$ cat data_2.pdb   # PDB, C-alpha atoms
ATOM      1  CA  MET D  10       0.000   0.000   0.000
ATOM      2  CA  GLN D  11       1.502   3.290  -1.166
ATOM      3  CA  PRO D  12       0.340   6.924  -1.004
ATOM      4  CA  VAL D  13       0.287   8.202  -4.591
ATOM      5  CA  PRO D  14      -0.705  11.628  -5.928
ATOM      6  CA  GLU D  15      -1.870  11.715  -9.528
ATOM      7  CA  ILE D  16       0.706  13.533 -11.655
ATOM      8  CA  LEU D  17       0.223  15.671 -14.752
ATOM      9  CA  ALA D  18       3.000  16.561 -17.196
ATOM     10  CA  ALA D  19       4.453  20.023 -16.547
ATOM     11  CA  ASP D  20       6.750  20.716 -19.468
ATOM     12  CA  ASP D  21       6.410  24.497 -19.144
ATOM     13  CA  PHE D  22       6.648  24.726 -15.339
ATOM     14  CA  ALA D  23       9.583  26.941 -14.300
ATOM     15  CA  LEU D  24       8.976  28.104 -10.706
ATOM     16  CA  TRP D  25      11.199  25.322  -9.281
ATOM     17  CA  GLN D  26      12.774  22.074 -10.404
ATOM     18  CA  VAL D  27      10.376  19.237 -11.197
ATOM     19  CA  GLY D  28      10.871  15.774 -12.660
ATOM     20  CA  GLU D  29       9.690  14.454 -16.004
ATOM     21  CA  HIS D  30       6.420  12.551 -15.717
ATOM     22  CA  GLU D  31       3.681  11.574 -18.111
ATOM     23  CA  SER D  32       0.176  12.822 -17.385
ATOM     24  CA  TYR D  33      -2.194  10.719 -15.289
ATOM     25  CA  GLY D  34       0.536   8.586 -13.783
ATOM     26  CA  TYR D  35       1.399   8.333 -10.099
ATOM     27  CA  LEU D  36       4.340   9.330  -7.924
ATOM     28  CA  VAL D  37       4.887   7.230  -4.798
ATOM     29  CA  LEU D  38       5.394   9.416  -1.722
ATOM     30  CA  HIS D  39       8.036   8.458   0.832
ATOM     31  CA  GLY D  40      10.978   9.972   2.635
ATOM     32  CA  LYS D  41      13.665   9.292   0.037
ATOM     33  CA  LEU D  42      12.394  11.202  -2.984
ATOM     34  CA  THR D  43      14.828  13.316  -4.975
ATOM     35  CA  PRO D  44      14.466  17.121  -4.807
ATOM     36  CA  ALA D  45      12.957  17.081  -8.311
ATOM     37  CA  GLU D  46      10.408  14.452  -7.251
ATOM     38  CA  VAL D  47       9.465  16.459  -4.158
ATOM     39  CA  GLY D  48       9.130  19.495  -6.394
ATOM     40  CA  THR D  49       6.839  17.522  -8.684
ATOM     41  CA  ALA D  50       4.608  16.457  -5.795
ATOM     42  CA  VAL D  51       4.415  19.996  -4.388
ATOM     43  CA  MET D  52       3.684  21.411  -7.838
ATOM     44  CA  ARG D  53       0.851  18.939  -8.401
ATOM     45  CA  ILE D  54      -0.747  19.443  -4.985
ATOM     46  CA  ALA D  55      -0.586  23.230  -5.397
ATOM     47  CA  ASP D  56      -2.052  22.909  -8.891
ATOM     48  CA  CYS D  57      -4.956  20.831  -7.533
ATOM     49  CA  ASN D  58      -5.889  23.864  -5.440
ATOM     50  CA  GLY D  59      -5.199  26.498  -8.043
ATOM     51  CA  PHE D  60      -8.743  27.755  -8.585
ATOM     52  CA  GLU D  61      -9.589  31.339  -7.654
ATOM     53  CA  PRO D  62     -10.155  31.637  -3.879
ATOM     54  CA  GLU D  63     -13.144  33.463  -2.447
ATOM     55  CA  GLU D  64     -12.792  37.167  -1.743
ATOM     56  CA  GLU D  65     -12.456  36.666   2.008
ATOM     57  CA  HIS D  66      -9.134  34.919   1.447
ATOM     58  CA  GLY D  67      -7.575  38.124   0.202
ATOM     59  CA  PRO D  68      -6.499  39.430  -3.196
ATOM     60  CA  CYS D  69      -4.361  37.181  -5.321
ATOM     61  CA  PRO D  70      -0.678  38.193  -5.540
ATOM     62  CA  THR D  71       0.575  39.417  -8.883
ATOM     63  CA  ASP D  72       3.956  37.667  -8.925
ATOM     64  CA  PRO D  73       4.039  34.223 -10.631
ATOM     65  CA  LEU D  74       5.086  32.296  -7.502
ATOM     66  CA  GLY D  75       2.554  34.019  -5.268
ATOM     67  CA  MET D  76      -0.204  33.449  -7.817
ATOM     68  CA  PHE D  77       0.615  29.754  -8.133
ATOM     69  CA  LEU D  78       0.718  29.160  -4.364
ATOM     70  CA  HIS D  79      -2.249  31.382  -3.467
ATOM     71  CA  GLY D  80      -4.944  28.696  -3.489
ATOM     72  CA  LEU D  81      -2.771  26.236  -1.578
ATOM     73  CA  LEU D  82      -1.980  28.818   1.092
ATOM     74  CA  THR D  83      -5.434  30.373   1.517
ATOM     75  CA  MET D  84      -8.143  27.792   0.866
ATOM     76  CA  PRO D  85      -9.641  26.200   4.006
ATOM     77  CA  GLY D  86     -10.376  22.867   2.301
ATOM     78  CA  LEU D  87      -7.480  21.447   0.283
ATOM     79  CA  PHE D  88      -7.400  18.501  -2.122
ATOM     80  CA  ALA D  89      -4.660  16.268  -3.503
ATOM     81  CA  ALA D  90      -5.774  13.962  -6.317
ATOM     82  CA  GLY D  91      -4.689  10.377  -5.688
ATOM     83  CA  GLY D  92      -5.010   7.952  -2.797
ATOM     84  CA  PHE D  93      -3.563   4.812  -1.238
ATOM     85  CA  ARG D  94      -2.786   2.320  -4.032
ATOM     86  CA  VAL D  95      -2.541  -1.401  -3.279
ATOM     87  CA  THR D  96      -0.487  -3.684  -5.533
ATOM     88  CA  ASP D  97       1.026  -7.149  -5.317
ATOM     89  CA  ASP D  98       4.794  -6.595  -5.404
ATOM     90  CA  ALA D  99       5.401 -10.103  -6.764
ATOM     91  CA  THR D 100       3.149  -9.796  -9.808
ATOM     92  CA  GLY D 101       2.541  -6.067 -10.175
ATOM     93  CA  THR D 102      -1.214  -6.694 -10.034
ATOM     94  CA  ALA D 103      -3.202  -3.727  -8.755
ATOM     95  CA  PHE D 104      -6.075  -4.425  -6.368
ATOM     96  CA  VAL D 105      -6.889  -0.814  -5.425
ATOM     97  CA  GLU D 106      -6.184   2.094  -7.780
ATOM     98  CA  PRO D 107      -7.262   5.656  -6.896
ATOM     99  CA  GLY D 108     -10.060   6.660  -9.230
ATOM    100  CA  CYS D 109     -11.395   9.985 -10.426
ATOM    101  CA  CYS D 110     -12.317  12.411  -7.642
ATOM    102  CA  ASN D 111     -10.441  10.400  -4.997
ATOM    103  CA  GLY D 112      -7.989  12.289  -2.822
ATOM    104  CA  LEU D 113      -5.067  11.476  -0.581
ATOM    105  CA  ASP D 114      -6.889  13.157   2.285
ATOM    106  CA  SER D 115      -9.499  10.374   2.204
ATOM    107  CA  TRP D 116      -7.130   7.754   3.642
ATOM    108  CA  ARG D 117      -9.425   7.535   6.670
ATOM    109  CA  ASP D 118     -11.826   5.594   4.447
ATOM    110  CA  TRP D 119      -9.552   2.637   5.169
ATOM    111  CA  LEU D 120     -10.362   2.998   8.877
ATOM    112  CA  GLU D 121     -14.037   2.848   7.934
ATOM    113  CA  VAL D 122     -13.357  -0.509   6.277
ATOM    114  CA  LEU D 123     -11.465  -1.828   9.302
ATOM    115  CA  ASP D 124     -13.505  -0.432  12.185
ATOM    116  CA  GLY D 125     -16.631   1.213  10.790
ATOM    117  CA  THR D 126     -19.197   0.149   8.225
ATOM    118  CA  GLY D 127     -16.777  -2.352   6.699
ATOM    119  CA  TYR D 128     -16.977  -0.882   3.192
ATOM    120  CA  SER D 129     -15.423   1.934   1.196
ATOM    121  CA  SER D 130     -14.921   2.899  -2.447
ATOM    122  CA  PHE D 131     -12.056   4.912  -3.915
ATOM    123  CA  GLY D 132     -13.409   6.890  -6.857
ATOM    124  CA  HIS D 133     -14.342   5.655 -10.305
ATOM    125  CA  ASP D 134     -12.577   4.578 -13.504
ATOM    126  CA  PRO D 135     -11.650   2.203 -11.944
ATOM    127  CA  SER D 136     -14.216   1.738  -9.188
ATOM    128  CA  SER D 137     -11.961   0.143  -6.581
ATOM    129  CA  VAL D 138     -13.616  -1.053  -3.382
ATOM    130  CA  ALA D 139     -12.590  -2.629  -0.093
ATOM    131  CA  GLU D 140     -15.002  -4.510   2.128
ATOM    132  CA  ARG D 141     -14.533  -6.340   5.381
ATOM    133  CA  VAL D 142     -15.729  -9.930   5.453
ATOM    134  CA  GLY D 143     -15.238 -11.302   8.945
ATOM    135  CA  ASP D 144     -11.534 -11.334   9.707
ATOM    136  CA  THR D 145     -10.500 -10.533   6.132
ATOM    137  CA  VAL D 146     -10.710  -7.550   3.799
ATOM    138  CA  ARG D 147     -11.646  -8.156   0.164
ATOM    139  CA  LEU D 148     -10.027  -5.774  -2.332
ATOM    140  CA  THR D 149     -11.460  -5.390  -5.844
ATOM    141  CA  LEU D 150      -9.814  -3.267  -8.514
ATOM    142  CA  ASP D 151     -13.021  -2.459 -10.428
ATOM    143  CA  ALA D 152     -16.333  -3.495  -8.952
ATOM    144  CA  TYR D 153     -18.145  -2.643 -12.189
ATOM    145  CA  ALA D 154     -15.838  -4.365 -14.665
ATOM    146  CA  GLU D 155     -17.887  -6.389 -17.132
ATOM    147  CA  ASP D 156     -15.213  -9.040 -17.715
ATOM    148  CA  GLY D 157     -14.196  -9.580 -14.114
ATOM    149  CA  SER D 158     -11.569  -7.751 -12.110
ATOM    150  CA  PRO D 159      -8.466  -8.580 -10.066
ATOM    151  CA  GLU D 160      -9.338  -9.112  -6.416
ATOM    152  CA  THR D 161      -7.743 -10.559  -3.321
ATOM    153  CA  GLU D 162      -8.476 -11.077   0.364
ATOM    154  CA  LEU D 163      -6.085 -10.083   3.141
ATOM    155  CA  PRO D 164      -6.281 -10.532   6.914
ATOM    156  CA  VAL D 165      -7.617  -7.479   8.733
ATOM    157  CA  ASP D 166      -4.420  -7.171  10.773
ATOM    158  CA  GLN D 167      -2.329  -7.140   7.591
ATOM    159  CA  VAL D 168      -4.442  -4.369   6.072
ATOM    160  CA  ARG D 169      -4.172  -2.402   9.302
ATOM    161  CA  ALA D 170      -0.380  -2.724   9.115
ATOM    162  CA  LEU D 171      -0.402  -1.654   5.454
ATOM    163  CA  VAL D 172      -2.427   1.456   6.281
ATOM    164  CA  ALA D 173      -0.038   2.324   9.114
ATOM    165  CA  GLY D 174       2.918   1.903   6.754
ATOM    166  CA  ALA D 175       1.355   4.167   4.125
ATOM    167  CA  GLN D 176       0.620   6.777   6.799
ATOM    168  CA  GLN D 177       4.273   6.666   7.827
ATOM    169  CA  ASP D 178       5.288   7.178   4.193
ATOM    170  CA  VAL D 179       3.140  10.327   4.155
ATOM    171  CA  ARG D 180       4.761  11.607   7.355
ATOM    172  CA  ASP D 181       8.228  10.863   5.965
ATOM    173  CA  PHE D 182       7.368  12.745   2.779
ATOM    174  CA  LEU D 183       6.115  15.735   4.770
ATOM    175  CA  GLY D 184       9.376  15.849   6.702
ATOM    176  CA  LEU D 185      11.296  15.798   3.432
ATOM    177  CA  ALA D 186       8.972  18.396   1.901
ATOM    178  CA  GLY D 187       9.562  20.717   4.859
ATOM    179  CA  THR D 188      13.307  20.609   4.228
ATOM    180  CA  TRP D 189      12.714  21.074   0.487
ATOM    181  CA  ALA D 190      10.457  24.092   1.106
ATOM    182  CA  GLY D 191      13.053  25.689   3.364
ATOM    183  CA  ARG D 192      15.562  25.527   0.526
ATOM    184  CA  ASN D 193      13.305  26.306  -2.430
ATOM    185  CA  LEU D 194      10.524  28.456  -0.987
ATOM    186  CA  PRO D 195      12.117  30.082   2.067
ATOM    187  CA  ALA D 196       9.565  32.901   2.278
ATOM    188  CA  HIS D 197       6.680  30.417   2.287
ATOM    189  CA  ALA D 198       8.284  27.313   3.827
ATOM    190  CA  ALA D 199       6.206  26.992   7.012
ATOM    191  CA  ALA D 200       2.917  27.841   5.295
ATOM    192  CA  VAL D 201       3.560  25.457   2.397
ATOM    193  CA  THR D 202       4.530  22.619   4.739
ATOM    194  CA  ASP D 203       1.387  23.035   6.841
ATOM    195  CA  ALA D 204      -0.763  23.290   3.700
ATOM    196  CA  LEU D 205       0.713  20.066   2.326
ATOM    197  CA  ALA D 206      -0.070  18.319   5.615
ATOM    198  CA  ARG D 207      -3.685  19.473   5.410
ATOM    199  CA  ALA D 208      -4.002  18.474   1.769
ATOM    200  CA  LEU D 209      -2.745  14.989   2.618
ATOM    201  CA  GLY D 210      -5.058  14.675   5.597
ATOM    202  CA  ALA D 211      -2.204  14.646   8.083
ATOM    203  CA  GLY D 212      -3.160  17.777  10.031
ATOM    204  CA  PRO D 213      -0.784  20.639  10.767
ATOM    205  CA  ALA D 214       2.882  19.652  10.499
ATOM    206  CA  ARG D 215       4.829  19.713  13.743
TER     207      ARG D 215
END
$ encode --input "data_2.pdb" --output "structure tokens"
Amino acid sequence: MQPVPEILAADDFALWQVGEHESYGYLVLHGKLTPAEVGTAVMRIADCNGFEPEEEHGPCPTDPLGMFLHGLLTMPGLFAAGGFRVTDDATGTAFVEPGCCNGLDSWRDWLEVLDGTGYSSFGHDPSSVAERVGDTVRLTLDAYAEDGSPETELPVDQVRALVAGAQQDVRDFLGLAGTWAGRNLPAHAAAVTDALARALGAGPAR
């Protein structure tokens, strides 16, 4: 289980260094990303929140960097397209893939599967679902696939451990992103780091 933001190509992005990625792929977040990969993740999360804020959040800056970061730094509800992806390392088979409209901040849906209603979905195209069946959790890549879909069942305790591991990956990334922001966005470092934590559903960074 890995936390993955959806990435879009940014060939013309020049505010800081980013890596080369094809659109609609994923970047795995963890604490050992390169500076360019961190820059890519920050760019994408800021871009997800790049719509015009409401008037009460203040006028938009006129400089390119301020304009790009304005939504990320002023919006009360932030969003990062992606989610927690589940794949079989041995075969590369995906059993949960973040779908359209799913966000990394919705990782608590996994707690709903483990300790709540026992069911959660993770967007559409594909329509991945997880449901608790007794002491196991059934994962299905696309519940609406007409020709069948990859699925597997894992013990509840194993899924709980996977969720905890993915949460730790997010925390490790946020620590790395804080260092990156201090070097690349010194005037906005604290605000950007806290905004990233909120966008990823991790709360204020400490």
$ closest_residue --input "data_2.pdb" --among "D:Val13, D:Asp56, D:Asp203, D:Glu140" --to "Tyr128 in chain D" --atoms "only C-alpha atoms"
D:Glu140
$ atom_distance --input "data_2.pdb" --atom1 "CA of Met76 in chain D" --atom2 "CA of Thr202 in chain D"
17.2 Å
$ residues_near_point --input "data_2.pdb" --point "(-1.2, 12.9, 4.5)" --cutoff "8 Å" --atoms "all atoms listed in the file" --output "PyMOL selection string"
chain D and resi 113-114+116+176+179-180+183+205-212
$ write_last_selection --input "data_2.pdb" --atoms "C-alpha atoms" --output "PDB file, in the frame of the given file"
ATOM      1  CA  LEU D 113      -5.067  11.476  -0.581  1.00  0.00           C
ATOM      2  CA  ASP D 114      -6.889  13.157   2.285  1.00  0.00           C
ATOM      3  CA  TRP D 116      -7.130   7.754   3.642  1.00  0.00           C
ATOM      4  CA  GLN D 176       0.620   6.777   6.799  1.00  0.00           C
ATOM      5  CA  VAL D 179       3.140  10.327   4.155  1.00  0.00           C
ATOM      6  CA  ARG D 180       4.761  11.607   7.355  1.00  0.00           C
ATOM      7  CA  LEU D 183       6.115  15.735   4.770  1.00  0.00           C
ATOM      8  CA  LEU D 205       0.713  20.066   2.326  1.00  0.00           C
ATOM      9  CA  ALA D 206      -0.070  18.319   5.615  1.00  0.00           C
ATOM     10  CA  ARG D 207      -3.685  19.473   5.410  1.00  0.00           C
ATOM     11  CA  ALA D 208      -4.002  18.474   1.769  1.00  0.00           C
ATOM     12  CA  LEU D 209      -2.745  14.989   2.618  1.00  0.00           C
ATOM     13  CA  GLY D 210      -5.058  14.675   5.597  1.00  0.00           C
ATOM     14  CA  ALA D 211      -2.204  14.646   8.083  1.00  0.00           C
ATOM     15  CA  GLY D 212      -3.160  17.777  10.031  1.00  0.00           C
TER      16      GLY D 212
END
$ closest_residue --input "data_2.pdb" --among "D:Thr149, D:Pro195, D:Leu81, D:Glu15" --to "Cys110 in chain D" --atoms "all atoms listed in the file"
D:Glu15
$ atom_distance --input "data_2.pdb" --atom1 "CA of Val146 in chain D" --atom2 "CA of Val105 in chain D"
12.0 Å
$ closest_residue --input "data_2.pdb" --among "D:Val142, D:Val51, D:Leu194, D:Leu123" --to "Gln167 in chain D" --atoms "only C-alpha atoms"
D:Leu123
$ residues_around --input "data_2.pdb" --residues "Leu120 in chain D" --least-positions-apart "3" --cutoff "12 Å" --atoms "all atoms listed in the file" --output "PyMOL selection string"
chain D and resi 115-117+123-129+139-141+146+165-166+168-173+176
$ write_last_selection --input "data_2.pdb" --atoms "C-alpha atoms" --output "PDB file, in the frame of the given file"
ATOM      1  CA  SER D 115      -9.499  10.374   2.204  1.00  0.00           C
ATOM      2  CA  TRP D 116      -7.130   7.754   3.642  1.00  0.00           C
ATOM      3  CA  ARG D 117      -9.425   7.535   6.670  1.00  0.00           C
ATOM      4  CA  LEU D 123     -11.465  -1.828   9.302  1.00  0.00           C
ATOM      5  CA  ASP D 124     -13.505  -0.432  12.185  1.00  0.00           C
ATOM      6  CA  GLY D 125     -16.631   1.213  10.790  1.00  0.00           C
ATOM      7  CA  THR D 126     -19.197   0.149   8.225  1.00  0.00           C
ATOM      8  CA  GLY D 127     -16.777  -2.352   6.699  1.00  0.00           C
ATOM      9  CA  TYR D 128     -16.977  -0.882   3.192  1.00  0.00           C
ATOM     10  CA  SER D 129     -15.423   1.934   1.196  1.00  0.00           C
ATOM     11  CA  ALA D 139     -12.590  -2.629  -0.093  1.00  0.00           C
ATOM     12  CA  GLU D 140     -15.002  -4.510   2.128  1.00  0.00           C
ATOM     13  CA  ARG D 141     -14.533  -6.340   5.381  1.00  0.00           C
ATOM     14  CA  VAL D 146     -10.710  -7.550   3.799  1.00  0.00           C
ATOM     15  CA  VAL D 165      -7.617  -7.479   8.733  1.00  0.00           C
ATOM     16  CA  ASP D 166      -4.420  -7.171  10.773  1.00  0.00           C
ATOM     17  CA  VAL D 168      -4.442  -4.369   6.072  1.00  0.00           C
ATOM     18  CA  ARG D 169      -4.172  -2.402   9.302  1.00  0.00           C
ATOM     19  CA  ALA D 170      -0.380  -2.724   9.115  1.00  0.00           C
ATOM     20  CA  LEU D 171      -0.402  -1.654   5.454  1.00  0.00           C
ATOM     21  CA  VAL D 172      -2.427   1.456   6.281  1.00  0.00           C
ATOM     22  CA  ALA D 173      -0.038   2.324   9.114  1.00  0.00           C
ATOM     23  CA  GLN D 176       0.620   6.777   6.799  1.00  0.00           C
TER      24      GLN D 176
END
$ residues_around --input "data_2.pdb" --residues "Pro73 in chain D" --least-positions-apart "4" --cutoff "10 Å" --atoms "only C-alpha atoms" --output "count of residues only"
5
$ atom_distance --input "data_2.pdb" --atom1 "CA of Gly112 in chain D" --atom2 "CA of Gly92 in chain D"
5.3 Å
